[in-house]
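These notes concern the structure reproduced below.
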Number of protein chains: 4
Amino acid sequence: MASIEQFEDHCWKDVMPAADMMLYSCYARKTYVGPRPALLAIDLYNIVYRGGPHSPYQLDPIYPNSCGHFAHRAIEPTKRLFAAARGAAIPIFYCTQETRPNNRPAGAVSTRRQGFAVPRENDDYDIYQEFTPQTTDIVIRKQRASVFNGTPLVSHLTTLGVNSLIVCGESTSGCVRASCVDAYSTGFHVSLVEECTFDRAELVHKVNLFDLHHKYVDVMHVDEVIEHLDGIANAPRAAVAQRSENPESVSG
Amino acid sequence: MASIEQFEDHCWKDVMPAADMMLYSCYARKTYVGPRPALLAIDLYNIVYRGGPHSPYQLDPIYPNSCGHFAHRAIEPTKRLFAAARGAAIPIFYCTQETRPNNRPAGAVSTRRQGFAVPRENDDYDIYQEFTPQTTDIVIRKQRASVFNGTPLVSHLTTLGVNSLIVCGESTSGCVRASCVDAYSTGFHVSLVEECTFDRAELVHKVNLFDLHHKYVDVMHVDEVIEHLDGIANAPRAAVAQRSENPESVSG
Amino acid sequence: MASIEQFEDHCWKDVMPAADMMLYSCYARKTYVGPRPALLAIDLYNIVYRGGPHSPYQLDPIYPNSCGHFAHRAIEPTKRLFAAARGAAIPIFYCTQETRPNNRPAGAVSTRRQGFAVPRENDDYDIYQEFTPQTTDIVIRKQRASVFNGTPLVSHLTTLGVNSLIVCGESTSGCVRASCVDAYSTGFHVSLVEECTFDRAELVHKVNLFDLHHKYVDVMHVDEVIEHLDGIANAPRAAVAQRSENPESVSG
Amino acid sequence: MASIEQFEDHCWKDVMPAADMMLYSCYARKTYVGPRPALLAIDLYNIVYRGGPHSPYQLDPIYPNSCGHFAHRAIEPTKRLFAAARGAAIPIFYCTQETRPNNRPAGAVSTRRQGFAVPRENDDYDIYQEFTPQTTDIVIRKQRASVFNGTPLVSHLTTLGVNSLIVCGESTSGCVRASCVDAYSTGFHVSLVEECTFDRAELVHKVNLFDLHHKYVDVMHVDEVIEHLDGIANAPRAAVAQRSENPESVSG
């Protein structure tokens, strides 16, 4: 939780004009983690870590999807975030690209990025080794920017009684932005963790965080979110009461 | 295409009371295949063919999902339907259950059917051998009754410029009904092929076909639909103009 | 709540063949009202009560949408259901047709019913006088059979922290069926109240209730549901904790 | 249509770093208006024109939603765009806020903007007088940023056989961005008209146009789009073949 006075204590301060900050003062409010949260980790797949902690400008010719040092500097805070979420026993969702054969027609893709000169590898869209999903986690396969578009995510969240989301991952200007707008517009309170969110370029990262924070989500610092999750972990009982029904068949 | 006089020439005649037929006369109309069609084959997976062409009443203890002779008698007309669709070069969609690990939480299933005493097999939800998908076909993996629920199907149909659907498969009272209602309600004209649609029990099959025909779709005979598809096949150019764009990346 | 032994104690007993009942025994289970419920009253508008408590067969020529005595015999139990829901202070949702000018193109309608010979009245789609919405109730305007299709209902339910639905209204084979399948498939537990649900014809009413009960929802008797709601009303605190946020603007 | 060499000839040139432009060169492509288009005019309501053609910085204390001179300088090109769309006889969609009583619970709003000190007027969300909808136009009432969220827009577009959108309106960083991402992700080709799109602040306007152009839509100049529409107007027959069915009832 952060007070209304701390509402603009974020990374966009050095790029947003003072007059624009004034214009956006109507959005100032306390920020917080909502009730019955789940963690949603967006597109933490191998291809964005390729080439190591270097500038995406340098990596681009060989690793055209890499977020380089922006991805790598988010690893430690993201590991801490995952540990706190597991400690609090909240549901954990990942998403990544759908890569199975026969999964879509030509043109049904996330963005209008044009074809690659660089060959793709089989594990490009596997979750990065530092964040390997566990047995009870859910991995959503998506074809578009938003993890809500054309996926069963909403029905999963409703099934589990989830009412709010803690979001991290990439890219801020692509899948994170699209997913956060959809999450808010579907009725979820969203806390987006600044230190665990990244992109390939700084200006779009900062302006998109600015837009998201004012219009749709609570951009929060990782320490604030972890403190909240530790509070859940230490509370008498879990904050999310998952439904206990008899096992039902997947078949129709 | 069938005339308004032929509107009730279907399998439900022997179960619907005459007074109800009169009450539903306000739905009578000509039936037809709509413009820019795609074929949608619902849940033609192995588990519904298990045990061979016998009564589901007999097969139930060992093959509790089998549609038995209802499934098997639909094989030949469905093969003819597929052949005509391929001849007309229209897009072909299948759907089946999502079976990948980590794909959903407990409780997010198609129906409230309770757990099985009978062990499942790995190929239960593979498409039946008579209808094996080809390279350019799309296979939608779903978790709920409707192929539209939590899947990218709408975006695929829009991407391909599809405006209507030809539907077959099972079960009439489950996934076919739910999918047809969603298709109509999303704006597609739907032709449901009677001889290629089946269920485990006759009364629910007939009443659901009746409901669908009057309220949402054109239940048509397989010969009518094949005649229309042959007309497309023999027309100067394909009725569905797929978009030709440069290949774009799946990555965000 | 009803025990597994009472699972088939419903109105469809006289129309379903014994062999089919056996085939559907795999769906038997206890039924109940789910956690954090809301009431959803489907299409309780004037046009279905027109002409009074007579047979729809007789009313059809003059009041082609009337459910006649089926609608009128549901009035008293539905009033009791509403009173219990208001006593329990759960959220209450209605739906009705969208009738505003410029709201849709030709063809975007609920069903394929053909044009009327009988003139329409301005209050056809107003909620019937016995169930007039109160200030805090929500009225969803829809264009299709399902109240979930093309409406903000899911975002409202998520905003309010609702996890299950108590459903009543009409028609069983049309808007109730479509809405219940969508509700279940979006992750909500659904209790459909038998005495408060109706249609124009009995066979489709009973078979659709049968399908819904086995595959998607708990069809329950009104006394069972009212007993549950009275339990919420008498509990120390409300079962649905609505979010308390500062008032936020509707404008973007 | 604009060539790949003209791909970056847009308003963001003065704010995007050269290194970022290089990083985004993988998105360069020809731009165009797609097949079977409709016009979608986003949130052209009175409240954004209040106070006249002055800086939003100055207008903010009295007209906190006004886009001031950014809104007013878009009026003439938007009138030209509408005239060309009407000349081409393509479907025209508007959207605005849903303002009817009982339409939503507290908290289900477009953005997290906090409550106003300034009183609201009854015609705040009426379409601005220069763009008054005509009888055959559709006006979508929405509650969230995206015109696709919780509305029947997709079903309308499918019903009409629309495959692509020409988009204008405001705000670039809010409802336009959210709507364009959804349109693309639902499978529509989108042409966003630069001169007819606006916001309250320049940096967010430009960065959001940049993001949209590279990842999701073709940002095009109004003259290019009008030239294309004039081509449709002068073609032998309309490019959008609307379905001709019998009138069907709105009732279920």
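Labeling convention for the structure tokens: chains A, B, ... as they appear, residues from 1 per chain, ligands from 1 in order of appearance.
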
DSSP says alpha helix (DSSP H) for which residues of stretch 39-139 of chain A? Put them as a ChimeraX atom specification? /A:56-59,68-73,75-87

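Residues of chain A lying within 6 Å of chain D, counting only C-alpha atoms, are Cys26, Tyr27, Thr111, Arg112, Arg113, Gln114, Arg144, Ser185, Lys215 and Tyr216 of chain A.
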
Could you turn the residues from that selection into a file that holds all heavy atoms, as a short mmCIF file (atom, residue, chain, number, x, y, z; two decimals), in the first residue's frame?
```cif
data_model
loop_
_atom_site.label_atom_id
_atom_site.label_comp_id
_atom_site.auth_asym_id
_atom_site.auth_seq_id
_atom_site.Cartn_x
_atom_site.Cartn_y
_atom_site.Cartn_z
N CYS A 26 -5.79 14.37 -11.29
CA CYS A 26 -7.13 13.87 -10.97
C CYS A 26 -7.17 12.36 -10.77
O CYS A 26 -8.19 11.82 -10.32
CB CYS A 26 -8.11 14.27 -12.07
SG CYS A 26 -7.57 13.76 -13.72
N TYR A 27 -6.08 11.66 -11.12
CA TYR A 27 -6.06 10.21 -10.94
C TYR A 27 -5.39 9.80 -9.63
O TYR A 27 -5.37 8.61 -9.29
CB TYR A 27 -5.30 9.55 -12.09
CG TYR A 27 -5.99 9.64 -13.44
CD1 TYR A 27 -5.65 10.63 -14.36
CD2 TYR A 27 -6.96 8.71 -13.80
CE1 TYR A 27 -6.27 10.70 -15.60
CE2 TYR A 27 -7.58 8.78 -15.04
CZ TYR A 27 -7.23 9.78 -15.94
OH TYR A 27 -7.84 9.84 -17.16
N THR A 111 1.40 -9.35 -32.69
CA THR A 111 1.67 -8.00 -33.19
C THR A 111 2.01 -8.07 -34.67
O THR A 111 2.17 -9.15 -35.23
CB THR A 111 2.88 -7.34 -32.49
OG1 THR A 111 4.09 -7.93 -32.98
CG2 THR A 111 2.80 -7.47 -30.97
N ARG A 112 2.15 -6.90 -35.26
CA ARG A 112 2.42 -6.83 -36.69
C ARG A 112 3.91 -6.83 -37.01
O ARG A 112 4.33 -6.46 -38.10
CB ARG A 112 1.71 -5.60 -37.26
CG ARG A 112 0.22 -5.67 -36.88
CD ARG A 112 -0.63 -4.85 -37.72
NE ARG A 112 -0.52 -5.28 -39.10
CZ ARG A 112 -0.92 -4.56 -40.13
NH1 ARG A 112 -1.48 -3.37 -39.91
NH2 ARG A 112 -0.79 -4.99 -41.35
N ARG A 113 4.71 -7.30 -36.05
CA ARG A 113 6.13 -7.49 -36.32
C ARG A 113 6.29 -8.37 -37.56
O ARG A 113 5.59 -9.36 -37.72
CB ARG A 113 6.77 -8.15 -35.11
CG ARG A 113 8.27 -8.18 -35.19
CD ARG A 113 8.86 -8.52 -33.82
NE ARG A 113 10.29 -8.41 -33.89
CZ ARG A 113 11.06 -8.16 -32.84
NH1 ARG A 113 10.53 -7.99 -31.65
NH2 ARG A 113 12.38 -8.06 -32.98
N GLN A 114 7.24 -8.01 -38.42
CA GLN A 114 7.41 -8.75 -39.66
C GLN A 114 8.34 -9.94 -39.46
O GLN A 114 9.03 -10.05 -38.45
CB GLN A 114 7.93 -7.80 -40.75
CG GLN A 114 7.02 -6.61 -40.98
CD GLN A 114 5.62 -7.00 -41.43
OE1 GLN A 114 5.45 -7.56 -42.49
NE2 GLN A 114 4.62 -6.74 -40.60
N ARG A 144 -2.50 -13.72 -28.82
CA ARG A 144 -2.59 -12.27 -28.98
C ARG A 144 -1.87 -11.60 -27.81
O ARG A 144 -1.41 -12.27 -26.88
CB ARG A 144 -4.07 -11.87 -29.01
CG ARG A 144 -4.84 -12.55 -30.14
CD ARG A 144 -4.33 -12.15 -31.51
NE ARG A 144 -5.25 -12.58 -32.57
CZ ARG A 144 -5.23 -12.07 -33.79
NH1 ARG A 144 -4.34 -11.16 -34.13
NH2 ARG A 144 -6.06 -12.50 -34.71
N SER A 185 -10.72 -3.86 -16.99
CA SER A 185 -12.02 -3.70 -17.64
C SER A 185 -12.93 -4.91 -17.43
O SER A 185 -14.14 -4.82 -17.66
CB SER A 185 -11.82 -3.45 -19.14
OG SER A 185 -11.06 -2.26 -19.33
N LYS A 215 -4.69 5.34 -15.37
CA LYS A 215 -6.02 4.98 -15.88
C LYS A 215 -6.55 3.64 -15.39
O LYS A 215 -7.76 3.46 -15.28
CB LYS A 215 -6.00 4.99 -17.42
CG LYS A 215 -5.75 6.40 -17.95
CD LYS A 215 -6.12 6.57 -19.40
CE LYS A 215 -6.16 8.07 -19.74
NZ LYS A 215 -6.40 8.34 -21.15
N TYR A 216 -5.69 2.66 -15.14
CA TYR A 216 -6.22 1.30 -14.95
C TYR A 216 -5.72 0.54 -13.73
O TYR A 216 -6.48 -0.22 -13.13
CB TYR A 216 -5.94 0.46 -16.21
CG TYR A 216 -6.37 1.10 -17.50
CD1 TYR A 216 -5.45 1.56 -18.43
CD2 TYR A 216 -7.73 1.27 -17.79
CE1 TYR A 216 -5.85 2.16 -19.62
CE2 TYR A 216 -8.13 1.87 -18.97
CZ TYR A 216 -7.19 2.31 -19.89
OH TYR A 216 -7.57 2.90 -21.05
#
```

Selection near B:Arg50, 7 Å with only C-alpha atoms, sequence-local residues under 6 positions removed, as a list in words: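 In the requested form, the answer reads Tyr63, Ser66 and Gly68 of chain B.
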
Shell around stretch 136-142 of chain B at 8 Å using only C-alpha atoms, local window under 3 positions removed, as a PyMOL selection string: (chain A and resi 102-105) or (chain B and resi 91-98+133+145-147+149-153)

Generate a file of the selected residues that holds N, CA and C atoms, formatted as a CSV table (one decimal), in the first residue's frame.
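So out_11.csv came out as:
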```csv
chain,number,residue,atom,x,y,z
A,102,ASN,N,-1.1,-26.6,-36.0
A,102,ASN,CA,-2.6,-26.4,-36.3
A,102,ASN,C,-3.3,-25.5,-35.4
A,103,ASN,N,-2.6,-24.6,-34.7
A,103,ASN,CA,-3.2,-23.8,-33.7
A,103,ASN,C,-3.9,-22.5,-34.2
A,104,ARG,N,-3.5,-22.1,-35.4
A,104,ARG,CA,-4.1,-20.8,-35.8
A,104,ARG,C,-3.9,-20.6,-37.3
A,105,PRO,N,-4.7,-19.7,-38.0
A,105,PRO,CA,-4.4,-19.4,-39.4
A,105,PRO,C,-3.3,-18.3,-39.5
B,91,PRO,N,-12.2,-22.9,-45.2
B,91,PRO,CA,-11.4,-23.2,-44.0
B,91,PRO,C,-12.1,-24.3,-43.2
B,92,ILE,N,-11.3,-25.2,-42.6
B,92,ILE,CA,-11.8,-26.3,-41.8
B,92,ILE,C,-11.3,-26.2,-40.3
B,93,PHE,N,-12.2,-26.2,-39.4
B,93,PHE,CA,-11.9,-26.1,-38.0
B,93,PHE,C,-12.4,-27.4,-37.3
B,94,TYR,N,-11.6,-27.9,-36.4
B,94,TYR,CA,-12.0,-28.9,-35.5
B,94,TYR,C,-11.9,-28.4,-34.1
B,95,CYS,N,-12.6,-29.1,-33.1
B,95,CYS,CA,-12.2,-28.8,-31.7
B,95,CYS,C,-12.2,-30.1,-31.0
B,96,THR,N,-11.4,-30.0,-29.9
B,96,THR,CA,-11.3,-31.2,-29.0
B,96,THR,C,-10.9,-30.6,-27.6
B,97,GLN,N,-10.9,-31.5,-26.6
B,97,GLN,CA,-10.5,-31.1,-25.3
B,97,GLN,C,-9.0,-30.7,-25.2
B,98,GLU,N,-8.8,-29.7,-24.4
B,98,GLU,CA,-7.4,-29.3,-24.0
B,98,GLU,C,-6.9,-30.4,-22.9
B,133,PRO,N,-7.0,-34.3,-39.1
B,133,PRO,CA,-6.8,-33.0,-39.6
B,133,PRO,C,-5.6,-33.0,-40.5
B,145,ALA,N,-18.0,-26.4,-22.9
B,145,ALA,CA,-18.9,-27.0,-23.9
B,145,ALA,C,-18.8,-26.2,-25.3
B,146,SER,N,-18.8,-24.9,-25.2
B,146,SER,CA,-18.8,-24.1,-26.5
B,146,SER,C,-17.4,-23.9,-27.0
B,147,VAL,N,-17.2,-24.2,-28.3
B,147,VAL,CA,-15.9,-23.9,-28.9
B,147,VAL,C,-15.6,-22.5,-28.9
B,149,ASN,N,-16.0,-20.5,-26.2
B,149,ASN,CA,-15.8,-20.1,-24.8
B,149,ASN,C,-14.3,-20.2,-24.5
B,150,GLY,N,-13.6,-19.1,-24.3
B,150,GLY,CA,-12.2,-19.2,-23.9
B,150,GLY,C,-11.3,-19.7,-24.9
B,151,THR,N,-11.6,-19.5,-26.2
B,151,THR,CA,-10.7,-19.9,-27.3
B,151,THR,C,-10.6,-18.7,-28.3
B,152,PRO,N,-9.6,-18.9,-29.2
B,152,PRO,CA,-9.4,-17.8,-30.2
B,152,PRO,C,-10.2,-18.0,-31.4
B,153,LEU,N,-11.3,-18.8,-31.4
B,153,LEU,CA,-12.0,-19.1,-32.6
B,153,LEU,C,-12.6,-17.8,-33.3
```

DSSP strand (DSSP E) selection over stretch 53-124 of chain D, as a list in words: Ile92, Phe93, Tyr94, Cys95, Thr96 and Gln97 of chain D

Please, what distance in Å, to one decimal, runs between atom CA of C:Asp230 and atom CA of C:His189?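 One can read the atom CA of C:Asp230 to atom CA of C:His189 distance as 19.0 Å.
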
Nearest to A:Val222: which of A:Met1, A:Ile42, A:Val162, A:Ala235 is it, counting only C-alpha atoms? A:Met1

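Using only C-alpha atoms for every distance, the candidate list D:Ile62, D:Val219, D:Cys67, D:Ala41 yields D:Val219 as the residue closest to D:Trp12.
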
Gap from atom CA of A:Phe70 to atom CA of A:Phe198 - Å, one decimal: 5.9 Å

For C:Met220, list every protein, DNA or RNA residue within 9 Å, evaluated using only C-alpha atoms, and leave out those in the same chain fewer than 5 positions away; present the list as a list in words.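 Listing them by chain and then by number gives Met1, Ala2, His10, Thr31, Tyr32, Val33, Ser191, Leu192, Val193, Glu194, Glu195, His213 and Val225 of chain C.
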
Let's have the selection written as an mmCIF file, in the first residue's frame, with C-alpha atoms.
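What ended up in result.cif:
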```cif
data_model
loop_
_atom_site.group_PDB
_atom_site.id
_atom_site.type_symbol
_atom_site.label_atom_id
_atom_site.label_comp_id
_atom_site.auth_asym_id
_atom_site.auth_seq_id
_atom_site.Cartn_x
_atom_site.Cartn_y
_atom_site.Cartn_z
ATOM 1 C CA MET C 1 -29.196 -28.047 -0.642
ATOM 2 C CA ALA C 2 -30.491 -31.390 -1.830
ATOM 3 C CA HIS C 10 -37.842 -32.686 -10.671
ATOM 4 C CA THR C 31 -26.964 -29.636 -5.225
ATOM 5 C CA TYR C 32 -26.431 -26.343 -3.417
ATOM 6 C CA VAL C 33 -26.278 -22.567 -3.612
ATOM 7 C CA SER C 191 -28.594 -22.605 -8.963
ATOM 8 C CA LEU C 192 -31.607 -22.491 -11.278
ATOM 9 C CA VAL C 193 -34.923 -22.230 -9.415
ATOM 10 C CA GLU C 194 -37.435 -24.637 -10.937
ATOM 11 C CA GLU C 195 -40.692 -23.021 -9.804
ATOM 12 C CA HIS C 213 -29.383 -29.811 -14.416
ATOM 13 C CA VAL C 225 -32.991 -21.618 -2.236
#
```

So that I can check the surroundings of B:Glu130, please list as a short mmCIF file (atom, residue, chain, number, x, y, z; two decimals) with N, CA, C and O atoms, in the first residue's frame every protein, DNA and RNA residue that reaches within 9 Å of it, counting only C-alpha atoms and ignoring chain neighbours fewer than 3 positions away.
```cif
data_model
loop_
_atom_site.label_atom_id
_atom_site.label_comp_id
_atom_site.auth_asym_id
_atom_site.auth_seq_id
_atom_site.Cartn_x
_atom_site.Cartn_y
_atom_site.Cartn_z
N ILE B 75 -20.55 -41.54 -39.55
CA ILE B 75 -19.21 -41.52 -40.15
C ILE B 75 -19.27 -41.29 -41.66
O ILE B 75 -18.58 -40.39 -42.19
N LYS B 79 -17.82 -38.07 -43.64
CA LYS B 79 -16.73 -38.16 -44.61
C LYS B 79 -17.10 -37.45 -45.92
O LYS B 79 -16.26 -36.74 -46.51
N ILE B 127 -8.41 -36.69 -32.60
CA ILE B 127 -9.48 -36.75 -33.61
C ILE B 127 -9.53 -38.15 -34.20
O ILE B 127 -8.50 -38.76 -34.50
#
```

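The two atoms in question, atom CA of C:Pro35 and atom CA of C:Ala233, are spaced 13.9 Å apart.
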